[in-house]
$ cat run_33.cif   # mmCIF, C-alpha atoms
data_entry
loop_
_atom_site.label_atom_id
_atom_site.label_comp_id
_atom_site.auth_asym_id
_atom_site.auth_seq_id
_atom_site.Cartn_x
_atom_site.Cartn_y
_atom_site.Cartn_z
CA MET J 1496 32.58 22.35 7.09
CA ASP J 1497 31.54 25.96 7.73
CA LYS J 1498 33.93 27.10 10.47
CA ALA J 1499 31.86 30.15 11.44
CA PHE J 1500 28.76 27.98 11.81
CA ILE J 1501 30.65 25.50 14.00
CA LYS J 1502 31.98 28.33 16.18
CA GLY J 1503 28.47 29.68 16.56
CA LEU J 1504 27.16 26.29 17.68
CA ARG J 1505 30.03 25.92 20.16
CA LEU J 1506 29.20 29.34 21.56
CA ILE J 1507 25.53 28.37 21.97
CA GLU J 1508 26.51 25.13 23.71
CA THR J 1509 28.84 26.98 26.08
CA LEU J 1510 26.17 29.51 27.02
CA ALA J 1511 23.61 26.72 27.47
CA LEU J 1512 25.88 24.92 29.95
CA SER J 1513 26.76 28.10 31.88
CA ASP J 1514 25.00 28.79 35.17
CA THR J 1515 25.46 32.55 34.87
CA PRO J 1516 25.76 35.10 32.04
CA ARG J 1517 29.20 35.17 30.43
CA GLY J 1518 31.42 37.99 29.29
CA VAL J 1519 33.15 38.27 25.91
CA SER J 1520 36.68 37.84 27.33
CA ASP J 1521 35.62 34.84 29.42
CA LEU J 1522 33.99 33.15 26.44
CA ALA J 1523 36.91 33.92 24.14
CA ALA J 1524 39.35 32.31 26.59
CA GLU J 1525 37.27 29.14 27.03
CA LEU J 1526 36.55 28.72 23.33
CA GLU J 1527 40.06 29.75 22.24
CA MET J 1528 38.73 32.43 19.92
CA THR J 1529 39.56 36.10 19.56
CA LYS J 1530 37.38 38.54 21.47
CA SER J 1531 36.38 40.24 18.23
CA ASN J 1532 35.24 36.90 16.79
CA VAL J 1533 33.18 36.06 19.87
CA HIS J 1534 31.66 39.54 19.93
CA ARG J 1535 30.69 39.29 16.27
CA LEU J 1536 29.05 35.88 16.80
CA LEU J 1537 27.19 37.16 19.86
CA GLN J 1538 25.86 40.12 17.90
CA THR J 1539 24.61 37.80 15.16
CA LEU J 1540 22.94 35.47 17.67
CA GLN J 1541 21.44 38.43 19.47
CA GLY J 1542 20.01 39.74 16.21
CA LEU J 1543 18.42 36.35 15.57
CA GLY J 1544 16.91 36.25 19.05
CA TYR J 1545 19.01 33.41 20.48
CA VAL J 1546 21.11 35.56 22.85
CA ARG J 1547 20.46 38.62 25.01
CA GLN J 1548 22.81 40.97 26.80
CA VAL J 1549 22.34 41.45 30.55
CA PRO J 1550 22.39 45.24 31.16
CA VAL J 1551 23.98 45.10 34.62
CA ASN J 1552 27.35 43.69 33.60
CA SER J 1553 27.09 43.56 29.80
CA CYS J 1554 27.41 39.77 29.86
CA TYR J 1555 25.46 37.45 27.59
CA GLU J 1556 23.03 34.59 28.11
CA LEU J 1557 20.73 32.49 25.97
CA THR J 1558 17.09 33.44 25.51
CA THR J 1559 14.32 30.82 25.62
CA LYS J 1560 14.35 30.47 21.83
CA ILE J 1561 16.45 27.30 21.97
CA TRP J 1562 14.05 25.86 24.54
CA GLU J 1563 11.07 26.78 22.36
CA LEU J 1564 12.59 25.01 19.35
CA GLY J 1565 13.47 21.98 21.46
CA SER J 1566 9.96 21.85 22.89
CA HIS J 1567 8.58 21.85 19.35
CA VAL J 1568 10.71 18.81 18.49
CA ILE J 1569 9.67 17.03 21.69
CA ARG J 1570 5.98 17.68 20.95
CA ARG J 1571 6.44 16.05 17.56
CA MET J 1572 8.12 13.05 19.16
CA ASP J 1573 5.25 12.81 21.67
CA LEU J 1574 2.72 13.02 18.84
CA ILE J 1575 4.35 10.09 17.03
CA LYS J 1576 4.25 7.95 20.18
CA ILE J 1577 0.67 8.86 21.04
CA ALA J 1578 -0.61 8.43 17.47
CA ARG J 1579 0.97 5.02 16.78
CA PRO J 1580 -1.79 2.80 18.27
CA ALA J 1581 -4.52 4.61 16.29
CA MET J 1582 -2.38 4.48 13.16
CA THR J 1583 -1.84 0.75 13.59
CA LEU J 1584 -5.57 0.11 14.03
CA LEU J 1585 -6.41 2.22 10.98
CA ALA J 1586 -3.83 0.31 8.92
CA GLU J 1587 -5.43 -2.98 9.98
CA GLN J 1588 -8.92 -1.67 9.18
CA THR J 1589 -8.12 -0.28 5.73
CA GLY J 1590 -5.09 -2.22 4.51
CA GLU J 1591 -3.74 1.02 3.06
CA THR J 1592 -0.78 3.31 3.83
CA ILE J 1593 -1.25 5.50 6.89
CA HIS J 1594 0.41 8.89 7.30
CA LEU J 1595 0.90 11.19 10.28
CA SER J 1596 1.62 14.74 9.14
CA VAL J 1597 2.16 18.23 10.51
CA LEU J 1598 1.80 21.58 8.78
CA GLU J 1599 4.84 23.81 8.35
CA ASP J 1600 3.97 27.03 6.54
CA THR J 1601 2.81 25.84 3.08
CA ASP J 1602 4.09 22.26 3.33
CA VAL J 1603 3.12 19.11 5.15
CA ILE J 1604 5.90 17.07 6.74
CA TYR J 1605 5.41 13.33 7.11
CA LEU J 1606 6.28 12.46 10.72
CA ASP J 1607 5.38 8.79 10.64
CA LYS J 1608 4.07 6.18 8.27
CA ILE J 1609 2.73 2.64 8.22
CA GLU J 1610 3.15 0.97 4.85
CA SER J 1611 0.31 -0.80 3.10
CA ALA J 1612 0.61 -4.56 2.82
CA HIS J 1613 -0.26 -4.27 -0.87
CA HIS J 1614 2.53 -4.45 -3.43
CA ILE J 1615 1.20 -1.32 -5.20
CA ARG J 1616 0.98 1.53 -2.68
CA ALA J 1617 1.57 5.24 -2.07
CA ASN J 1618 5.24 6.17 -2.32
CA THR J 1619 6.21 8.61 0.44
CA SER J 1620 9.00 8.87 3.01
CA VAL J 1621 9.07 9.90 6.66
CA GLY J 1622 10.62 13.37 6.87
CA ALA J 1623 9.61 14.25 3.31
CA ARG J 1624 7.54 17.30 2.42
CA ALA J 1625 4.61 17.86 0.09
CA PRO J 1626 2.71 21.03 -0.86
CA ALA J 1627 -0.11 21.22 1.69
CA PHE J 1628 -2.67 22.36 -0.88
CA THR J 1629 -2.26 19.15 -2.90
CA VAL J 1630 -2.62 16.39 -0.28
CA ALA J 1631 -5.45 15.22 1.97
CA THR J 1632 -3.61 15.69 5.27
CA GLY J 1633 -2.73 19.23 4.21
CA LYS J 1634 -6.31 20.10 3.29
CA ALA J 1635 -7.61 18.57 6.51
CA MET J 1636 -5.26 20.83 8.50
CA LEU J 1637 -6.04 23.91 6.40
CA ALA J 1638 -9.74 23.37 7.19
CA GLN J 1639 -8.88 24.13 10.83
CA LEU J 1640 -7.26 27.47 10.02
CA PRO J 1641 -8.72 30.87 9.06
CA ASP J 1642 -9.42 31.53 5.39
CA GLU J 1643 -6.70 34.20 5.40
CA TYR J 1644 -4.11 31.44 5.76
CA LEU J 1645 -4.85 30.30 2.21
CA GLU J 1646 -3.45 33.55 0.82
CA ARG J 1647 0.10 32.40 1.53
CA PHE J 1648 -0.39 29.68 -1.09
CA ARG J 1649 -1.12 32.13 -3.89
CA PRO J 1650 2.54 32.41 -5.07
CA HIS J 1651 2.96 28.62 -4.88
CA LEU J 1652 -0.08 27.42 -6.81
CA ARG J 1653 1.01 25.32 -9.76
CA ALA J 1654 -0.15 22.13 -11.45
CA TYR J 1655 1.65 18.98 -10.33
CA THR J 1656 -0.98 16.77 -11.97
CA ALA J 1657 -4.02 17.36 -14.16
CA THR J 1658 -6.24 17.62 -11.05
CA THR J 1659 -4.13 19.99 -8.90
CA ARG J 1660 -6.03 23.04 -7.66
CA THR J 1661 -4.29 26.06 -9.20
CA THR J 1662 -6.51 28.90 -7.96
CA ILE J 1663 -7.31 30.12 -4.46
CA GLU J 1664 -11.01 29.84 -5.29
CA ALA J 1665 -10.74 26.14 -6.18
CA LEU J 1666 -8.63 25.46 -3.10
CA ARG J 1667 -11.08 27.35 -0.88
CA SER J 1668 -13.90 25.21 -2.25
CA ASP J 1669 -12.05 22.06 -1.18
CA ILE J 1670 -11.34 23.49 2.26
CA GLU J 1671 -14.98 24.49 2.78
CA LEU J 1672 -16.05 20.94 1.86
CA ALA J 1673 -13.51 19.49 4.28
CA ARG J 1674 -14.90 21.71 7.07
CA ALA J 1675 -18.45 20.63 6.31
CA GLN J 1676 -17.57 16.93 6.19
CA GLY J 1677 -15.06 16.89 9.03
CA TYR J 1678 -12.46 15.28 6.77
CA ALA J 1679 -10.65 15.94 3.49
CA VAL J 1680 -10.44 13.73 0.43
CA VAL J 1681 -8.27 13.75 -2.66
CA PRO J 1682 -9.94 11.21 -4.96
CA GLN J 1683 -7.37 11.67 -7.72
CA GLY J 1684 -3.74 12.54 -7.16
CA GLU J 1685 -3.02 16.28 -7.01
CA TRP J 1686 0.61 15.90 -5.89
CA ARG J 1687 1.37 12.54 -7.49
CA ASP J 1688 -0.69 10.93 -10.24
CA GLY J 1689 -2.91 8.02 -9.33
CA ILE J 1690 -3.05 8.48 -5.55
CA ALA J 1691 -6.33 8.75 -3.63
CA ALA J 1692 -6.43 9.83 0.00
CA CYS J 1693 -8.60 10.72 2.98
CA ALA J 1694 -7.46 12.60 6.10
CA CYS J 1695 -8.68 14.23 9.29
CA ALA J 1696 -7.06 16.87 11.51
CA ILE J 1697 -5.71 16.14 15.00
CA LEU J 1698 -6.39 18.75 17.69
CA GLY J 1699 -4.63 19.50 20.95
CA ARG J 1700 -5.88 20.25 24.47
CA THR J 1701 -7.18 23.74 23.67
CA GLY J 1702 -8.47 22.83 20.22
CA GLU J 1703 -5.33 24.01 18.45
CA LEU J 1704 -4.20 22.28 15.28
CA VAL J 1705 -1.56 19.63 16.01
CA GLY J 1706 -1.39 17.53 12.85
CA ALA J 1707 -3.39 15.14 10.69
CA ILE J 1708 -3.79 11.44 10.08
CA GLY J 1709 -4.66 10.06 6.68
CA ILE J 1710 -4.82 6.99 4.47
CA SER J 1711 -3.67 6.82 0.87
CA GLY J 1712 -3.46 4.30 -1.89
CA PRO J 1713 -3.69 3.94 -5.68
CA ASP J 1714 -6.93 5.37 -7.07
CA SER J 1715 -7.34 2.17 -9.08
CA ARG J 1716 -7.99 0.41 -5.74
CA VAL J 1717 -9.17 3.21 -3.44
CA LYS J 1718 -12.09 4.68 -5.34
CA ARG J 1719 -14.43 7.54 -4.39
CA LYS J 1720 -17.04 5.20 -2.90
CA GLN J 1721 -14.40 3.49 -0.77
CA LEU J 1722 -13.06 6.84 0.47
CA LYS J 1723 -16.52 7.63 1.86
CA LEU J 1724 -16.63 4.28 3.63
CA ILE J 1725 -13.13 4.78 5.07
CA ALA J 1726 -13.74 8.39 6.18
CA PRO J 1727 -15.51 7.49 9.48
CA GLN J 1728 -12.57 5.26 10.43
CA VAL J 1729 -10.10 8.05 9.68
CA MET J 1730 -12.16 10.49 11.73
CA GLU J 1731 -12.34 8.04 14.63
CA ALA J 1732 -8.54 7.62 14.54
CA ALA J 1733 -8.06 11.40 14.60
CA GLN J 1734 -10.53 11.77 17.46
CA THR J 1735 -8.77 9.03 19.44
CA ILE J 1736 -5.38 10.77 19.05
CA SER J 1737 -6.89 14.17 19.85
CA ALA J 1738 -8.47 12.76 23.02
CA ALA J 1739 -5.13 11.26 24.05
CA LEU J 1740 -3.62 14.76 23.65
CA GLY J 1741 -6.25 16.15 26.03
CA TYR J 1742 -8.78 17.52 23.55
CA VAL J 1743 -12.40 17.34 24.68
CA ARG J 1744 -15.11 17.83 22.07
CA ARG J 1745 -17.70 20.44 23.03
#
$ encode --input "run_33.cif" --output "C-alpha cells"
Amino acid sequence: MDKAFIKGLRLIETLALSDTPRGVSDLAAELEMTKSNVHRLLQTLQGLGYVRQVPVNSCYELTTKIWELGSHVIRRMDLIKIARPAMTLLAEQTGETIHLSVLEDTDVIYLDKIESAHHIRANTSVGARAPAFTVATGKAMLAQLPDEYLERFRPHLRAYTATTRTTIEALRSDIELARAQGYAVVPQGEWRDGIAACACAILGRTGELVGAIGISGPDSRVKRKQLKLIAPQVMEAAQTISAALGYVRR
C-alpha cells in the first residue's frame, strides 16, 4: 500500500470529523506523524482544493470539495433508484438489454443494467466505460450539449469497428440527427461488432443533462426497422425518469 496516500486519507478523515479548524502540531500529535509530514500533506491537499488555511490562526479545515464529490455519488445512486421502474418496463416491452449511463468527459459509464432474456445479448458490465462517440447512450447525451463539446473527441477518434465514426464531421452528423429525432441510434456496432442500440437522454429539474437510457441487442435480431419501432418506448422511458427528477417539458 502507498503509505503517503493512506496518511493523506487519514488526514482528510480527521479534518472531516473535527468541529473546528486544526493546527499542524495538533494534527501531528493525533495522527502520530511528524509536523513536517503533516504540513507537506496539507500543502498538497490545499493545492488540490481539498483543504484551506484559516487566516486568523493559520489552522486548516476542509473545503466543500469532498462534499461536492460525495453529492455527485449520491445523485448517481438516486438516479439508479429512480430509473429502475422505467428500465424494468422497457425491458419487458422490448425483451432486450437495458442500460442506464452517465457521461464523464469522453466516456459513458454504465450505472445500471437489466439483462436481456435472450441467450445472445449485448455484453457489457455495470461500472464499465465505453467511448461516448461510439454508443447510442453517448450520442444521445452529446445531442444535449453544445457542438463545441465534440472537439474534445478529436484526439480520441479511432476505428473500433468498420462503422465507427472517425471524423468530427461524421460524428456531428450523427449528433444532429439525434437532436432532430429526439433519440440516438447505432444500427451497427461502432464500439463492438454486431450490436445495435437506441437511446434517449435523461434531463434534470432545470433541463440539465443527467444521463441516458438505452436498449441494445445483436443487430441480427434488432434491425433498423425494429429500432424505429422501439424508439418511442425508449423516449417514453427517458421522459418518465426525467419527470421523476423534476423536469417539466416546456
$ closest_residue --input "run_33.cif" --among "J:Arg1744, J:Arg1649, J:Arg1667, J:Arg1719" --to "Pro1682 of chain J" --atoms "all atoms listed in the file"
J:Arg1719
$ atom_distance --input "run_33.cif" --atom1 "atom CA of Gln1538 of chain J" --atom2 "atom CA of Ser1513 of chain J"
18.5 Å
$ residues_near_point --input "run_33.cif" --point "(-1.3, 9.5, -5.1)" --cutoff "8 Å" --atoms "all atoms listed in the file" --output "number ranges by chain"
J: 1617-1618, 1683-1692, 1711-1714
$ atom_distance --input "run_33.cif" --atom1 "atom CA of Asp1607 of chain J" --atom2 "atom CA of Ile1575 of chain J"
6.6 Å
$ atom_distance --input "run_33.cif" --atom1 "atom CA of Glu1587 of chain J" --atom2 "atom CA of Ala1694 of chain J"
16.2 Å
$ residues_around --input "run_33.cif" --residues "Tyr1678 of chain J" --least-positions-apart "5" --cutoff "12 Å" --atoms "all atoms listed in the file" --output "MDAnalysis selection string"
chainID J and resid 1631:1639 1669:1673 1692:1697 1707:1710 1722:1723 1725:1734
$ write_last_selection --input "run_33.cif" --atoms "C-alpha atoms" --output "compact mmCIF listing (two decimals), keeping the file's coordinate frame"
# COMPACT_ATOMS: atom_id res chain seq x y z
CA ALA J 1631 -5.45 15.22 1.97
CA THR J 1632 -3.61 15.69 5.27
CA GLY J 1633 -2.73 19.23 4.21
CA LYS J 1634 -6.31 20.10 3.29
CA ALA J 1635 -7.61 18.57 6.51
CA MET J 1636 -5.26 20.83 8.50
CA LEU J 1637 -6.04 23.91 6.40
CA ALA J 1638 -9.74 23.37 7.19
CA GLN J 1639 -8.88 24.13 10.83
CA ASP J 1669 -12.05 22.06 -1.18
CA ILE J 1670 -11.34 23.49 2.26
CA GLU J 1671 -14.98 24.49 2.78
CA LEU J 1672 -16.05 20.94 1.86
CA ALA J 1673 -13.51 19.49 4.28
CA ALA J 1692 -6.43 9.83 0.00
CA CYS J 1693 -8.60 10.72 2.98
CA ALA J 1694 -7.46 12.60 6.10
CA CYS J 1695 -8.68 14.23 9.29
CA ALA J 1696 -7.06 16.87 11.51
CA ILE J 1697 -5.71 16.14 15.00
CA ALA J 1707 -3.39 15.14 10.69
CA ILE J 1708 -3.79 11.44 10.08
CA GLY J 1709 -4.66 10.06 6.68
CA ILE J 1710 -4.82 6.99 4.47
CA LEU J 1722 -13.06 6.84 0.47
CA LYS J 1723 -16.52 7.63 1.86
CA ILE J 1725 -13.13 4.78 5.07
CA ALA J 1726 -13.74 8.39 6.18
CA PRO J 1727 -15.51 7.49 9.48
CA GLN J 1728 -12.57 5.26 10.43
CA VAL J 1729 -10.10 8.05 9.68
CA MET J 1730 -12.16 10.49 11.73
CA GLU J 1731 -12.34 8.04 14.63
CA ALA J 1732 -8.54 7.62 14.54
CA ALA J 1733 -8.06 11.40 14.60
CA GLN J 1734 -10.53 11.77 17.46
$ residues_around --input "run_33.cif" --residues "Ala1654 of chain J" --least-positions-apart "4" --cutoff "10 Å" --atoms "only C-alpha atoms" --output "ChimeraX atom specification"
/J:1629,1658-1662,1685-1686
$ resolve_selection --input "run_33.cif" --expression "the PyMOL selection byres ((chain J and resi 1645) around 9)" --output "PDB file with C-alpha atoms, keeping the file's coordinate frame"
ATOM      1  CA  THR J1601       2.810  25.840   3.080  1.00  0.00           C
ATOM      2  CA  PHE J1628      -2.670  22.360  -0.880  1.00  0.00           C
ATOM      3  CA  LEU J1637      -6.040  23.910   6.400  1.00  0.00           C
ATOM      4  CA  LEU J1640      -7.260  27.470  10.020  1.00  0.00           C
ATOM      5  CA  PRO J1641      -8.720  30.870   9.060  1.00  0.00           C
ATOM      6  CA  ASP J1642      -9.420  31.530   5.390  1.00  0.00           C
ATOM      7  CA  GLU J1643      -6.700  34.200   5.400  1.00  0.00           C
ATOM      8  CA  TYR J1644      -4.110  31.440   5.760  1.00  0.00           C
ATOM      9  CA  GLU J1646      -3.450  33.550   0.820  1.00  0.00           C
ATOM     10  CA  ARG J1647       0.100  32.400   1.530  1.00  0.00           C
ATOM     11  CA  PHE J1648      -0.390  29.680  -1.090  1.00  0.00           C
ATOM     12  CA  ARG J1649      -1.120  32.130  -3.890  1.00  0.00           C
ATOM     13  CA  ILE J1663      -7.310  30.120  -4.460  1.00  0.00           C
ATOM     14  CA  LEU J1666      -8.630  25.460  -3.100  1.00  0.00           C
ATOM     15  CA  ARG J1667     -11.080  27.350  -0.880  1.00  0.00           C
TER      16      ARG J1667
END
